[in-house]
>>> print(open('target.cif').read())   # mmCIF, C-alpha atoms
data_upload
#
loop_
_atom_site.label_atom_id
_atom_site.label_comp_id
_atom_site.auth_asym_id
_atom_site.auth_seq_id
_atom_site.Cartn_x
_atom_site.Cartn_y
_atom_site.Cartn_z
CA MET N 1 122.45 45.18 86.06
CA ILE N 2 125.71 45.27 88.05
CA ASP N 3 127.43 48.65 88.42
CA LEU N 4 130.97 47.68 87.38
CA SER N 5 132.57 50.91 88.57
CA SER N 6 131.11 50.47 92.05
CA PHE N 7 132.03 46.77 92.03
CA ASN N 8 135.62 47.52 91.00
CA HIS N 9 135.91 50.24 93.65
CA THR N 10 134.72 47.80 96.33
CA VAL N 11 137.20 45.14 95.18
CA ILE N 12 140.06 47.65 95.21
CA GLN N 13 139.09 48.84 98.70
CA ASN N 14 138.99 45.26 99.98
CA ILE N 15 142.39 44.48 98.48
CA LEU N 16 143.83 47.66 100.02
CA HIS N 17 142.33 46.80 103.40
CA VAL N 18 143.90 43.32 103.31
CA TYR N 19 147.26 44.79 102.24
CA VAL N 20 147.19 47.35 105.06
CA SER N 21 146.22 44.65 107.58
CA TRP N 22 149.22 42.51 106.63
CA THR N 23 151.71 45.38 106.37
CA ARG N 24 151.17 46.39 109.99
CA TYR N 25 152.63 43.03 111.09
CA LEU N 26 155.46 43.30 108.61
CA LEU N 27 156.31 46.84 109.71
CA PHE N 28 156.45 45.69 113.32
CA LEU N 29 158.74 42.76 112.49
CA ILE N 30 161.12 45.03 110.58
CA MET N 31 161.10 47.57 113.42
CA ALA N 32 161.65 44.84 116.02
CA PHE N 33 164.64 43.40 114.14
CA TYR N 34 166.13 46.88 113.72
CA THR N 35 165.71 47.48 117.46
CA TYR N 36 167.34 44.14 118.28
CA LEU N 37 170.34 45.10 116.15
CA ASN N 38 170.42 48.48 117.93
CA PHE N 39 171.28 46.72 121.21
CA ARG N 40 173.21 43.84 119.68
CA TYR N 41 175.63 46.49 118.40
CA PHE N 42 176.97 47.09 121.92
CA SER N 43 178.05 43.47 122.48
CA VAL N 44 180.04 42.65 119.32
CA ASP N 45 183.41 43.54 117.84
CA GLU N 46 184.13 46.23 115.25
CA ARG N 47 183.81 43.98 112.18
CA LYS N 48 180.36 42.77 113.24
CA ARG N 49 179.30 46.30 114.11
CA LYS N 50 179.81 47.40 110.53
CA LYS N 51 177.63 44.49 109.33
CA ILE N 52 174.95 45.37 111.86
CA CYS N 53 174.89 48.99 110.70
CA GLY N 54 174.59 47.85 107.08
CA ARG N 55 171.63 45.64 107.95
CA GLN N 56 170.00 48.50 109.84
CA ILE N 57 170.15 50.69 106.74
CA LEU N 58 168.47 47.99 104.64
CA LEU N 59 165.76 47.48 107.27
CA MET N 60 165.09 51.20 107.54
CA LEU N 61 164.76 51.55 103.76
CA LEU N 62 162.48 48.49 103.59
CA LEU N 63 160.21 49.84 106.33
CA HIS N 64 160.15 53.21 104.57
CA LEU N 65 159.23 51.59 101.24
CA ILE N 66 156.41 49.44 102.64
CA ALA N 67 154.89 52.28 104.68
CA PHE N 68 154.94 54.69 101.74
CA SER N 69 153.45 52.06 99.44
CA VAL N 70 150.42 52.11 101.75
CA ILE N 71 150.36 55.91 101.77
CA CYS N 72 150.60 56.10 97.97
CA MET N 73 147.84 53.52 97.52
CA ASN N 74 145.57 55.53 99.80
CA THR N 75 146.31 58.96 98.35
CA LEU N 76 146.86 58.01 94.67
CA ASP N 77 148.97 61.16 94.45
CA THR N 78 152.10 61.26 92.30
CA ALA N 79 153.43 64.09 94.48
CA VAL N 80 153.53 61.71 97.45
CA ALA N 81 155.47 59.16 95.36
CA ALA N 82 157.96 61.88 94.36
CA PHE N 83 158.21 62.94 97.99
CA TYR N 84 159.09 59.36 98.92
CA GLY N 85 161.87 59.35 96.32
CA MET N 86 163.30 62.60 97.70
CA GLN N 87 163.39 61.10 101.18
CA VAL N 88 165.29 58.03 99.95
CA VAL N 89 167.87 60.27 98.28
CA PHE N 90 168.16 62.32 101.49
CA PHE N 91 168.68 59.27 103.71
CA LEU N 92 171.32 57.73 101.43
CA CYS N 93 173.16 61.03 101.05
CA PHE N 94 173.06 61.71 104.78
CA ILE N 95 174.36 58.24 105.69
CA TYR N 96 177.10 57.88 103.08
CA VAL N 97 178.25 61.51 102.88
CA TYR N 98 178.49 61.55 106.69
CA ARG N 99 180.49 58.34 106.52
CA ALA N 100 182.81 59.81 103.87
CA LEU N 101 183.35 63.05 105.79
CA TYR N 102 183.66 61.41 109.20
CA PRO N 103 184.87 57.80 108.97
CA ARG N 104 185.36 57.83 112.75
CA ALA N 105 181.76 58.92 113.48
CA SER N 106 179.24 56.65 115.19
CA ARG N 107 177.33 54.82 112.46
CA LEU N 108 174.77 53.67 115.02
CA LEU N 109 173.76 57.25 115.86
CA VAL N 110 173.52 58.16 112.16
CA ASN N 111 171.31 55.13 111.50
CA ASN N 112 169.09 55.85 114.50
CA MET N 113 168.64 59.47 113.44
CA CYS N 114 167.49 58.27 110.02
CA MET N 115 165.08 55.71 111.48
CA LEU N 116 163.50 58.30 113.79
CA LEU N 117 163.21 60.75 110.91
CA CYS N 118 161.76 57.98 108.74
CA VAL N 119 158.96 57.28 111.23
CA GLY N 120 158.36 61.02 111.60
CA PHE N 121 158.14 61.60 107.84
CA LEU N 122 155.74 58.74 107.21
CA MET N 123 153.42 59.68 110.10
CA LEU N 124 153.43 63.36 109.16
CA THR N 125 152.72 62.49 105.52
CA ARG N 126 149.77 60.43 106.67
CA LEU N 127 148.54 63.28 108.93
CA SER N 128 149.40 66.39 106.89
CA TYR N 129 151.30 66.27 103.60
CA ASP N 130 152.10 70.01 103.68
CA ARG N 131 153.61 69.78 107.15
CA ALA N 132 155.56 66.69 106.16
CA VAL N 133 157.11 68.58 103.23
CA ARG N 134 158.05 71.50 105.49
CA GLN N 135 159.56 69.08 108.01
CA PHE N 136 161.58 67.41 105.27
CA ILE N 137 162.93 70.75 104.01
CA ILE N 138 163.91 71.76 107.54
CA ALA N 139 165.60 68.39 108.11
CA ALA N 140 167.55 68.68 104.85
CA VAL N 141 168.68 72.22 105.70
CA SER N 142 169.54 71.15 109.27
CA ALA N 143 171.66 68.28 107.98
CA SER N 144 173.49 70.66 105.63
CA VAL N 145 174.28 73.35 108.20
CA THR N 146 175.35 70.95 110.95
CA TRP N 147 177.96 69.01 108.89
CA ILE N 148 180.70 71.27 110.25
CA ILE N 149 179.89 70.86 113.96
CA PRO N 150 181.82 67.59 114.59
CA VAL N 151 184.98 69.21 113.18
CA ILE N 152 184.51 72.23 115.44
CA ILE N 153 184.01 70.06 118.52
CA ASP N 154 186.94 67.79 117.66
CA ARG N 155 189.46 70.53 116.81
CA VAL N 156 188.48 73.86 118.36
CA ARG N 157 189.56 73.90 121.98
CA LEU N 158 188.31 77.44 122.74
CA LEU N 159 184.77 76.19 123.34
CA ARG N 160 185.48 75.38 126.98
CA LYS N 161 186.63 78.99 127.60
CA MET N 162 183.32 80.54 126.54
CA THR N 163 181.38 79.41 129.61
CA TRP N 164 179.76 82.72 130.58
CA PHE N 165 179.04 83.53 126.95
CA TYR N 166 176.80 80.43 126.80
CA GLY N 167 175.06 81.36 130.04
CA ILE N 168 174.47 85.04 129.26
CA LEU N 169 173.34 84.36 125.69
CA GLY N 170 170.91 81.71 126.93
CA ILE N 171 169.42 84.03 129.54
CA LEU N 172 169.03 86.84 126.99
CA LEU N 173 167.25 84.58 124.51
CA LEU N 174 164.89 83.19 127.13
CA GLY N 175 164.27 86.70 128.44
CA ALA N 176 163.34 87.91 124.97
CA VAL N 177 160.74 85.15 124.71
CA CYS N 178 159.39 85.97 128.17
CA LEU N 179 158.98 89.65 127.24
CA ALA N 180 157.88 89.47 123.61
CA GLY N 181 157.23 85.82 122.76
CA ASN N 182 154.17 84.39 121.04
CA THR N 183 151.74 82.54 123.29
CA SER N 184 150.70 79.00 122.41
CA PHE N 185 148.38 76.94 124.65
CA GLY N 186 149.02 79.23 127.60
CA ALA N 187 152.84 79.33 127.29
CA GLN N 188 155.18 81.85 125.67
CA LEU N 189 157.30 79.68 123.41
CA SER N 190 158.40 81.35 120.19
CA LEU N 191 159.72 84.52 118.57
CA ASP N 192 158.93 85.72 115.05
CA ILE N 193 162.07 86.38 113.01
CA GLY N 194 160.97 87.55 109.58
CA ILE N 195 158.77 84.84 108.09
CA PHE N 196 160.07 82.23 110.54
CA SER N 197 158.83 81.34 114.01
CA VAL N 198 161.67 80.13 116.24
CA GLN N 199 161.49 78.46 119.65
CA PRO N 200 164.71 79.64 121.38
CA SER N 201 164.44 77.24 124.34
CA GLU N 202 165.23 74.37 121.95
CA PHE N 203 168.66 75.91 121.28
CA VAL N 204 169.23 77.39 124.72
CA LYS N 205 169.12 73.91 126.27
CA ILE N 206 172.36 73.15 124.37
CA LEU N 207 173.96 76.42 125.48
CA TYR N 208 172.77 75.66 129.00
CA VAL N 209 174.49 72.26 129.05
CA LEU N 210 177.73 73.82 127.77
CA PHE N 211 177.47 76.51 130.46
CA ILE N 212 176.88 74.05 133.30
CA ALA N 213 179.66 71.76 132.03
CA GLY N 214 182.08 74.70 131.88
CA MET N 215 181.21 75.89 135.38
CA LEU N 216 181.45 72.47 137.01
CA ASP N 217 184.69 71.75 135.15
CA ARG N 218 186.31 74.75 136.84
CA SER N 219 185.40 73.81 140.40
CA THR N 220 182.97 71.81 142.52
CA GLY N 221 183.57 73.84 145.66
CA PHE N 222 180.56 75.10 147.62
CA ARG N 223 180.83 78.74 146.50
CA HIS N 224 181.26 77.84 142.86
CA ILE N 225 178.31 75.44 142.98
CA ALA N 226 176.23 78.16 144.62
CA VAL N 227 177.01 80.56 141.75
CA THR N 228 176.31 77.85 139.17
CA THR N 229 173.04 76.95 140.87
CA ALA N 230 171.96 80.60 140.93
CA ALA N 231 172.67 80.98 137.21
CA ALA N 232 170.84 77.72 136.43
CA ALA N 233 167.92 78.91 138.57
CA VAL N 234 167.68 82.11 136.51
CA HIS N 235 167.25 80.01 133.35
CA VAL N 236 164.55 77.90 134.98
CA LEU N 237 162.79 80.90 136.55
CA ILE N 238 162.52 82.71 133.21
CA LEU N 239 161.02 79.57 131.68
CA VAL N 240 158.53 79.34 134.55
CA LEU N 241 157.56 83.00 134.07
CA SER N 242 157.06 82.21 130.37
CA ARG N 243 154.90 79.26 131.50
CA ASP N 244 157.10 76.94 129.43
CA LEU N 245 157.12 74.36 132.21
CA GLY N 246 158.13 71.42 130.02
CA SER N 247 161.41 73.11 129.11
CA ALA N 248 161.83 74.29 132.72
CA LEU N 249 161.63 70.68 133.89
CA ILE N 250 164.18 69.57 131.28
CA PHE N 251 166.62 72.32 132.34
CA PHE N 252 166.13 71.56 136.04
CA THR N 253 166.61 67.79 135.63
CA ALA N 254 169.67 68.24 133.42
CA TYR N 255 171.35 70.46 136.01
CA LEU N 256 170.52 68.07 138.84
CA PHE N 257 172.07 65.06 137.08
CA MET N 258 175.07 66.99 135.80
CA LEU N 259 175.74 68.26 139.32
CA TYR N 260 175.58 64.74 140.69
CA ALA N 261 177.86 63.46 137.90
CA ALA N 262 180.41 66.15 138.76
CA THR N 263 180.31 65.77 142.56
CA SER N 264 178.98 62.23 143.26
CA ASP N 265 177.26 63.81 146.28
CA LEU N 266 173.72 62.56 146.93
CA ARG N 267 173.05 65.50 149.23
CA TRP N 268 172.93 67.81 146.22
CA MET N 269 170.51 65.43 144.53
CA GLY N 270 168.27 65.37 147.61
CA ALA N 271 168.32 69.15 147.95
CA GLY N 272 167.47 69.47 144.27
CA VAL N 273 164.52 67.07 144.46
CA LEU N 274 163.18 68.91 147.52
CA SER N 275 163.49 72.34 145.92
CA GLY N 276 161.97 71.02 142.68
CA SER N 277 158.99 69.61 144.57
CA LEU N 278 158.40 72.93 146.31
CA ALA N 279 158.70 74.78 142.99
CA ALA N 280 156.19 72.41 141.37
CA ALA N 281 153.70 73.01 144.20
CA ALA N 282 154.17 76.78 143.81
CA ALA N 283 153.67 76.58 140.03
CA TYR N 284 150.44 74.64 140.57
CA ARG N 285 149.09 77.42 142.77
CA LEU N 286 150.36 80.32 140.66
CA PHE N 287 149.43 79.24 137.13
CA SER N 288 145.95 78.22 136.00
CA HIS N 289 147.63 76.75 132.92
CA VAL N 290 149.44 74.24 135.17
CA ARG N 291 146.36 73.51 137.27
CA ASN N 292 144.36 72.69 134.16
CA ARG N 293 146.97 70.21 132.95
CA VAL N 294 147.23 68.54 136.36
CA LEU N 295 143.45 68.28 136.69
CA ALA N 296 143.23 66.86 133.15
CA TRP N 297 145.87 64.32 134.12
CA ARG N 298 144.24 63.30 137.40
CA ASP N 299 140.74 62.77 136.01
CA PRO N 300 140.38 63.52 132.30
CA TRP N 301 137.07 61.66 132.11
CA SER N 302 135.27 64.19 134.33
CA ASP N 303 135.76 66.92 131.70
CA ILE N 304 136.13 64.84 128.57
CA ASP N 305 134.72 67.55 126.27
CA ASP N 306 137.13 70.28 127.39
CA LYS N 307 140.25 70.00 129.56
CA GLY N 308 140.43 66.22 129.34
CA TYR N 309 139.67 65.95 125.63
CA GLN N 310 143.27 65.71 124.37
CA ILE N 311 144.45 63.07 126.82
CA THR N 312 141.27 60.97 126.53
CA GLN N 313 141.50 60.96 122.74
CA SER N 314 145.15 59.91 123.10
CA LEU N 315 144.20 57.04 125.40
CA PHE N 316 141.37 55.99 123.08
CA ALA N 317 143.82 55.95 120.15
CA ILE N 318 146.41 53.86 122.02
CA GLY N 319 143.77 51.45 123.29
CA THR N 320 142.16 51.08 119.87
CA GLY N 321 145.50 50.41 118.21
CA SER N 322 146.34 47.64 120.69
CA TRP N 323 149.56 45.68 120.15
CA PHE N 324 149.86 45.72 116.35
CA GLY N 325 147.88 48.82 115.39
CA LEU N 326 144.96 49.32 113.04
CA GLY N 327 147.19 49.99 110.03
CA LEU N 328 147.98 53.23 108.24
CA TYR N 329 144.83 55.19 107.33
CA GLU N 330 142.67 52.79 109.37
CA GLY N 331 142.66 54.92 112.53
CA MET N 332 141.45 58.42 113.41
CA PRO N 333 144.57 60.17 114.80
CA ARG N 334 143.38 63.62 113.67
CA LYS N 335 140.83 63.59 116.48
CA ILE N 336 143.73 64.22 118.88
CA PRO N 337 144.48 67.98 119.16
CA VAL N 338 148.06 68.94 118.20
CA VAL N 339 148.70 65.34 117.19
CA GLU N 340 151.58 66.25 114.83
CA LYS N 341 153.56 67.82 117.69
CA ASP N 342 152.98 66.81 121.31
CA PHE N 343 150.95 63.66 120.69
CA ILE N 344 152.49 62.01 117.64
CA PHE N 345 153.38 59.00 119.81
CA ALA N 346 149.64 58.33 120.19
CA ALA N 347 149.20 58.40 116.40
CA VAL N 348 152.08 55.92 115.99
CA SER N 349 150.52 53.65 118.64
CA GLU N 350 147.08 53.76 117.05
CA GLU N 351 148.04 52.92 113.48
CA LEU N 352 151.35 51.07 113.83
CA GLY N 353 150.73 49.51 117.23
CA ALA N 354 151.96 49.66 120.81
CA LEU N 355 154.78 47.19 120.06
CA PHE N 356 156.02 49.34 117.18
CA ALA N 357 155.84 52.41 119.45
CA LEU N 358 157.77 50.54 122.15
CA CYS N 359 160.51 49.76 119.61
CA LEU N 360 160.61 53.46 118.76
CA LEU N 361 161.23 54.22 122.44
CA LEU N 362 163.95 51.58 122.63
CA ILE N 363 165.74 53.21 119.69
CA CYS N 364 165.68 56.49 121.64
CA LEU N 365 167.04 54.60 124.63
CA GLY N 366 169.79 53.18 122.42
CA CYS N 367 170.82 56.71 121.47
CA PHE N 368 170.94 57.66 125.14
CA LEU N 369 173.08 54.63 125.99
CA GLN N 370 175.50 55.64 123.25
CA PHE N 371 175.66 59.16 124.73
CA VAL N 372 176.45 57.76 128.17
CA LEU N 373 179.10 55.40 126.80
CA ILE N 374 180.74 58.30 124.98
CA ALA N 375 180.71 60.33 128.20
CA GLY N 376 182.38 57.41 129.98
CA GLN N 377 185.14 57.21 127.36
CA LEU N 378 186.02 60.91 127.58
CA LYS N 379 188.78 61.84 130.02
CA ASP N 380 188.26 65.61 129.96
CA THR N 381 185.65 66.68 132.56
CA PHE N 382 184.16 69.46 130.41
CA TYR N 383 183.50 67.19 127.47
CA LYS N 384 182.40 64.31 129.71
CA LEU N 385 179.79 66.52 131.41
CA THR N 386 178.71 67.94 128.04
CA ALA N 387 178.03 64.46 126.62
CA PHE N 388 176.22 63.37 129.76
CA GLY N 389 174.22 66.60 129.96
CA LEU N 390 173.10 66.43 126.34
CA GLY N 391 172.13 62.79 126.83
CA THR N 392 170.08 63.75 129.88
CA VAL N 393 168.33 66.56 128.01
CA TYR N 394 167.50 64.15 125.19
CA ILE N 395 166.14 61.27 127.27
CA VAL N 396 164.19 63.53 129.66
CA GLN N 397 162.48 65.14 126.67
CA VAL N 398 161.55 61.70 125.33
CA PHE N 399 160.23 60.70 128.78
CA LEU N 400 158.14 63.87 129.17
CA THR N 401 156.62 63.51 125.71
CA VAL N 402 155.67 59.86 126.04
CA GLY N 403 154.72 60.18 129.71
CA GLY N 404 152.22 62.90 128.85
CA VAL N 405 150.74 60.90 125.97
CA ILE N 406 150.12 57.74 128.04
CA LYS N 407 148.90 59.71 131.12
CA PHE N 408 151.88 58.68 133.24
CA ILE N 409 152.58 62.34 134.00
CA PRO N 410 150.74 65.60 133.18
CA SER N 411 151.25 66.78 129.60
CA THR N 412 154.21 69.15 129.29
CA GLY N 413 153.91 70.22 125.65
CA VAL N 414 157.35 69.06 124.51
CA THR N 415 158.05 67.24 121.25
CA LEU N 416 159.44 63.79 120.50
CA PRO N 417 162.89 64.56 118.98
CA LEU N 418 163.17 63.91 115.22
CA VAL N 419 159.66 62.44 115.08
CA SER N 420 157.29 65.26 116.03
CA TYR N 421 156.61 68.22 113.76
CA GLY N 422 158.65 71.32 114.60
CA GLY N 423 161.45 73.16 112.86
CA SER N 424 163.27 74.38 115.97
CA SER N 425 163.12 70.90 117.49
CA ILE N 426 164.55 69.29 114.35
CA LEU N 427 167.44 71.76 114.00
CA SER N 428 168.34 71.69 117.69
CA THR N 429 168.34 67.87 117.70
CA PHE N 430 170.63 67.79 114.66
CA ILE N 431 172.97 70.17 116.51
CA LEU N 432 172.82 67.98 119.64
CA PHE N 433 173.66 64.79 117.72
CA SER N 434 176.43 66.58 115.80
CA ILE N 435 178.05 67.71 119.03
CA ILE N 436 177.88 64.14 120.33
CA GLN N 437 179.52 62.90 117.10
CA GLY N 438 182.36 65.38 117.61
CA LEU N 439 182.81 64.17 121.18
CA TYR N 440 182.74 60.55 119.97
CA MET N 441 185.59 61.24 117.58
CA MET N 442 187.72 62.71 120.35
CA ALA N 443 186.89 59.88 122.75
CA GLY N 444 190.23 58.11 122.26
CA PRO N 445 191.11 54.71 120.80
CA GLU N 446 187.48 53.57 120.69
CA GLY N 447 186.50 56.57 118.65
CA ALA N 448 189.50 56.20 116.41
CA GLU N 449 188.39 52.74 115.40
CA GLY N 450 185.37 54.12 113.65
CA LYS N 451 182.51 52.64 115.60
#
>>> encode(input="target.cif", output="structure tokens")
Amino acid sequence: MIDLSSFNHTVIQNILHVYVSWTRYLLFLIMAFYTYLNFRYFSVDERKRKKICGRQILLMLLLHLIAFSVICMNTLDTAVAAFYGMQVVFFLCFIYVYRALYPRASRLLVNNMCMLLCVGFLMLTRLSYDRAVRQFIIAAVSASVTWIIPVIIDRVRLLRKMTWFYGILGILLLGAVCLAGNTSFGAQLSLDIGIFSVQPSEFVKILYVLFIAGMLDRSTGFRHIAVTTAAAAVHVLILVLSRDLGSALIFFTAYLFMLYAATSDLRWMGAGVLSGSLAAAAAYRLFSHVRNRVLAWRDPWSDIDDKGYQITQSLFAIGTGSWFGLGLYEGMPRKIPVVEKDFIFAAVSEELGALFALCLLLICLGCFLQFVLIAGQLKDTFYKLTAFGLGTVYIVQVFLTVGGVIKFIPSTGVTLPLVSYGGSSILSTFILFSIIQGLYMMAGPEGAEGK
């Protein structure tokens, strides 16, 4: 006699498997078209740009719906369906309230933020529902508290006069972490404030950019650059002593490029690269934490069960996913340690495919290009350097995250902005994008047209 319950379960599983197999191609096509529009935006007039942004919103919502239909079918949990509905409300409110409050804001940046958050929410829901809910709450709170920032940037002109306040506050915050911070994977990263754990370096990088922009706006003479370099070196040194070498590299690279942007002198760039190379060699000798990561990067297969386990599992996941991915819930991303934070790009590659992950990177690149274009439109040196510096911080963080995941560089332990799990990262990225929006609105005739 046939067991109907078992037979029905098998049929349902087969139907679900077929559905997941087809949705991976559909998700890629939607993501690819969104990415195409992301770059098409830069080559058309204002009327067409508004149409492009409208299409991007529809594509993002369609991708979100299809991905969560797979998640709901796999979990059969009404709470997940309700969570999906809350996300849709959040995205629509964020997009249209932002547009109502700031008609001159960059719609492209708002759309890209939502797409990156969308991918982050769906991957985190697949990996850990509880963490996905926490991430969503933090994102909603971050969106609420950063509404005011574009107005402040656009109208408050005292910000450029607070240069040393930014520098001293940043040094004090980093120093507090160095002295009393919590240790995670060999590095002191966070401070406990009540029931919350905060990673100050995520916010100090914004203060740091404002400090460097203010200093280089005043003068690019040798003495002034020497003072600025010394202050920047204090930031980086404290991060090195905290063994937060990923953030140290972001700070160092941001200063190097901002200095070159302010002076157009390649000698400073050469001196910076030389000093950075010497510092990296010293860090390798001084910190076992660094040596372990470099050795794991050079030959992870020789110690696959210990030091090389994380990177090898990441490479296995990316290789298994191939171009189009295995489909949501068809892979094993949880085998990768800390997959929700440092290695979420590997999880995306495994289940949604390398082509989907590449589109995700291109969206990040599109954000960076918008930052650079805004910097080019600004006439004031302080604001120009601020936009360029924040863009550098953003794209270097993306590069370090993805480079570590694919074994292009040693793992640095930094997150993929708006995609990886992490409250401090989410809030600081919202602040960064809000500052850029404020700069966009003051960028002159182009900003006034409401791109």
>>> resolve_selection(input="target.cif", expression="the PyMOL selection byres ((chain N and resi 226-232) around 9)", output="ChimeraX atom specification")
/N:167,171,208,211-212,215-216,221-225,233-237,251-252,255
>>> resolve_selection(input="target.cif", expression="the PyMOL selection byres ((chain N and resi 293) around 12)", output="PDB file with C-alpha atoms, in the frame of the given file")
ATOM      1  CA  PHE N 185     148.380  76.940 124.650  1.00  0.00           C
ATOM      2  CA  GLY N 186     149.020  79.230 127.600  1.00  0.00           C
ATOM      3  CA  LEU N 245     157.120  74.360 132.210  1.00  0.00           C
ATOM      4  CA  GLY N 246     158.130  71.420 130.020  1.00  0.00           C
ATOM      5  CA  ALA N 283     153.670  76.580 140.030  1.00  0.00           C
ATOM      6  CA  TYR N 284     150.440  74.640 140.570  1.00  0.00           C
ATOM      7  CA  PHE N 287     149.430  79.240 137.130  1.00  0.00           C
ATOM      8  CA  SER N 288     145.950  78.220 136.000  1.00  0.00           C
ATOM      9  CA  HIS N 289     147.630  76.750 132.920  1.00  0.00           C
ATOM     10  CA  VAL N 290     149.440  74.240 135.170  1.00  0.00           C
ATOM     11  CA  ARG N 291     146.360  73.510 137.270  1.00  0.00           C
ATOM     12  CA  ASN N 292     144.360  72.690 134.160  1.00  0.00           C
ATOM     13  CA  VAL N 294     147.230  68.540 136.360  1.00  0.00           C
ATOM     14  CA  LEU N 295     143.450  68.280 136.690  1.00  0.00           C
ATOM     15  CA  ALA N 296     143.230  66.860 133.150  1.00  0.00           C
ATOM     16  CA  TRP N 297     145.870  64.320 134.120  1.00  0.00           C
ATOM     17  CA  ARG N 298     144.240  63.300 137.400  1.00  0.00           C
ATOM     18  CA  ASP N 299     140.740  62.770 136.010  1.00  0.00           C
ATOM     19  CA  PRO N 300     140.380  63.520 132.300  1.00  0.00           C
ATOM     20  CA  ASP N 303     135.760  66.920 131.700  1.00  0.00           C
ATOM     21  CA  ASP N 306     137.130  70.280 127.390  1.00  0.00           C
ATOM     22  CA  LYS N 307     140.250  70.000 129.560  1.00  0.00           C
ATOM     23  CA  GLY N 308     140.430  66.220 129.340  1.00  0.00           C
ATOM     24  CA  TYR N 309     139.670  65.950 125.630  1.00  0.00           C
ATOM     25  CA  GLN N 310     143.270  65.710 124.370  1.00  0.00           C
ATOM     26  CA  ILE N 311     144.450  63.070 126.820  1.00  0.00           C
ATOM     27  CA  GLY N 404     152.220  62.900 128.850  1.00  0.00           C
ATOM     28  CA  LYS N 407     148.900  59.710 131.120  1.00  0.00           C
ATOM     29  CA  ILE N 409     152.580  62.340 134.000  1.00  0.00           C
ATOM     30  CA  PRO N 410     150.740  65.600 133.180  1.00  0.00           C
ATOM     31  CA  SER N 411     151.250  66.780 129.600  1.00  0.00           C
ATOM     32  CA  THR N 412     154.210  69.150 129.290  1.00  0.00           C
ATOM     33  CA  GLY N 413     153.910  70.220 125.650  1.00  0.00           C
TER      34      GLY N 413
END
>>> closest_residue(input="target.cif", among="N:Ile435, N:Ala281, N:Leu127, N:Lys161", to="Ile336 in chain N", atoms="only C-alpha atoms")
N:Leu127
>>> residues_around(input="target.cif", residues="range 369-386 of chain N", least_positions_apart="6", cutoff="10 Å", atoms="only C-alpha atoms", output="MDAnalysis selection string")
chainID N and resid 39 42 106 108:109 153 159:160 206 208:218 257:259 261:262 363 392 394:395 433 435:437 439:447
>>> residues_around(input="target.cif", residues="Trp147 in chain N", least_positions_apart="3", cutoff="10 Å", atoms="only C-alpha atoms", output="list in words")
Phe94, Val97, Tyr98, Leu101, Tyr102, Ser142, Ala143, Ser144, Pro150, Val151, Ile152, Phe430, Ile431 and Ser434 of chain N
>>> write_last_selection(input="target.cif", atoms="C-alpha atoms", output="tab-separated table (two decimals), in the frame of the given file")
chain	number	residue	atom	x	y	z
N	94	PHE	CA	173.06	61.71	104.78
N	97	VAL	CA	178.25	61.51	102.88
N	98	TYR	CA	178.49	61.55	106.69
N	101	LEU	CA	183.35	63.05	105.79
N	102	TYR	CA	183.66	61.41	109.20
N	142	SER	CA	169.54	71.15	109.27
N	143	ALA	CA	171.66	68.28	107.98
N	144	SER	CA	173.49	70.66	105.63
N	150	PRO	CA	181.82	67.59	114.59
N	151	VAL	CA	184.98	69.21	113.18
N	152	ILE	CA	184.51	72.23	115.44
N	430	PHE	CA	170.63	67.79	114.66
N	431	ILE	CA	172.97	70.17	116.51
N	434	SER	CA	176.43	66.58	115.80
>>> resolve_selection(input="target.cif", expression="the PyMOL selection byres ((chain N and resi 241) around 10)", output="list in words")
Gly175, Cys178, Leu179, Ala187, Gln188, Val236, Leu237, Ile238, Leu239, Val240, Ser242, Arg243, Asp244, Leu245, Ala248, Ala283 and Phe287 of chain N
>>> atom_distance(input="target.cif", atom1="CA of Lys48 in chain N", atom2="CA of Phe388 in chain N")
26.7 Å
>>> residues_near_point(input="target.cif", point="(142.1, 52.7, 119.6)", cutoff="12 Å", atoms="all atoms listed in the file", output="ChimeraX atom specification")
/N:312-327,330-333,335-336,346-354
>>> write_last_selection(input="target.cif", atoms="C-alpha atoms", output="compact mmCIF listing (two decimals), in the frame of the given file")
# COMPACT_ATOMS: atom_id res chain seq x y z
CA THR N 312 141.27 60.97 126.53
CA GLN N 313 141.50 60.96 122.74
CA SER N 314 145.15 59.91 123.10
CA LEU N 315 144.20 57.04 125.40
CA PHE N 316 141.37 55.99 123.08
CA ALA N 317 143.82 55.95 120.15
CA ILE N 318 146.41 53.86 122.02
CA GLY N 319 143.77 51.45 123.29
CA THR N 320 142.16 51.08 119.87
CA GLY N 321 145.50 50.41 118.21
CA SER N 322 146.34 47.64 120.69
CA TRP N 323 149.56 45.68 120.15
CA PHE N 324 149.86 45.72 116.35
CA GLY N 325 147.88 48.82 115.39
CA LEU N 326 144.96 49.32 113.04
CA GLY N 327 147.19 49.99 110.03
CA GLU N 330 142.67 52.79 109.37
CA GLY N 331 142.66 54.92 112.53
CA MET N 332 141.45 58.42 113.41
CA PRO N 333 144.57 60.17 114.80
CA LYS N 335 140.83 63.59 116.48
CA ILE N 336 143.73 64.22 118.88
CA ALA N 346 149.64 58.33 120.19
CA ALA N 347 149.20 58.40 116.40
CA VAL N 348 152.08 55.92 115.99
CA SER N 349 150.52 53.65 118.64
CA GLU N 350 147.08 53.76 117.05
CA GLU N 351 148.04 52.92 113.48
CA LEU N 352 151.35 51.07 113.83
CA GLY N 353 150.73 49.51 117.23
CA ALA N 354 151.96 49.66 120.81
>>> atom_distance(input="target.cif", atom1="CA of Ile168 in chain N", atom2="CA of Ala254 in chain N")
18.0 Å
>>> atom_distance(input="target.cif", atom1="CA of Glu46 in chain N", atom2="CA of Arg104 in chain N")
11.9 Å
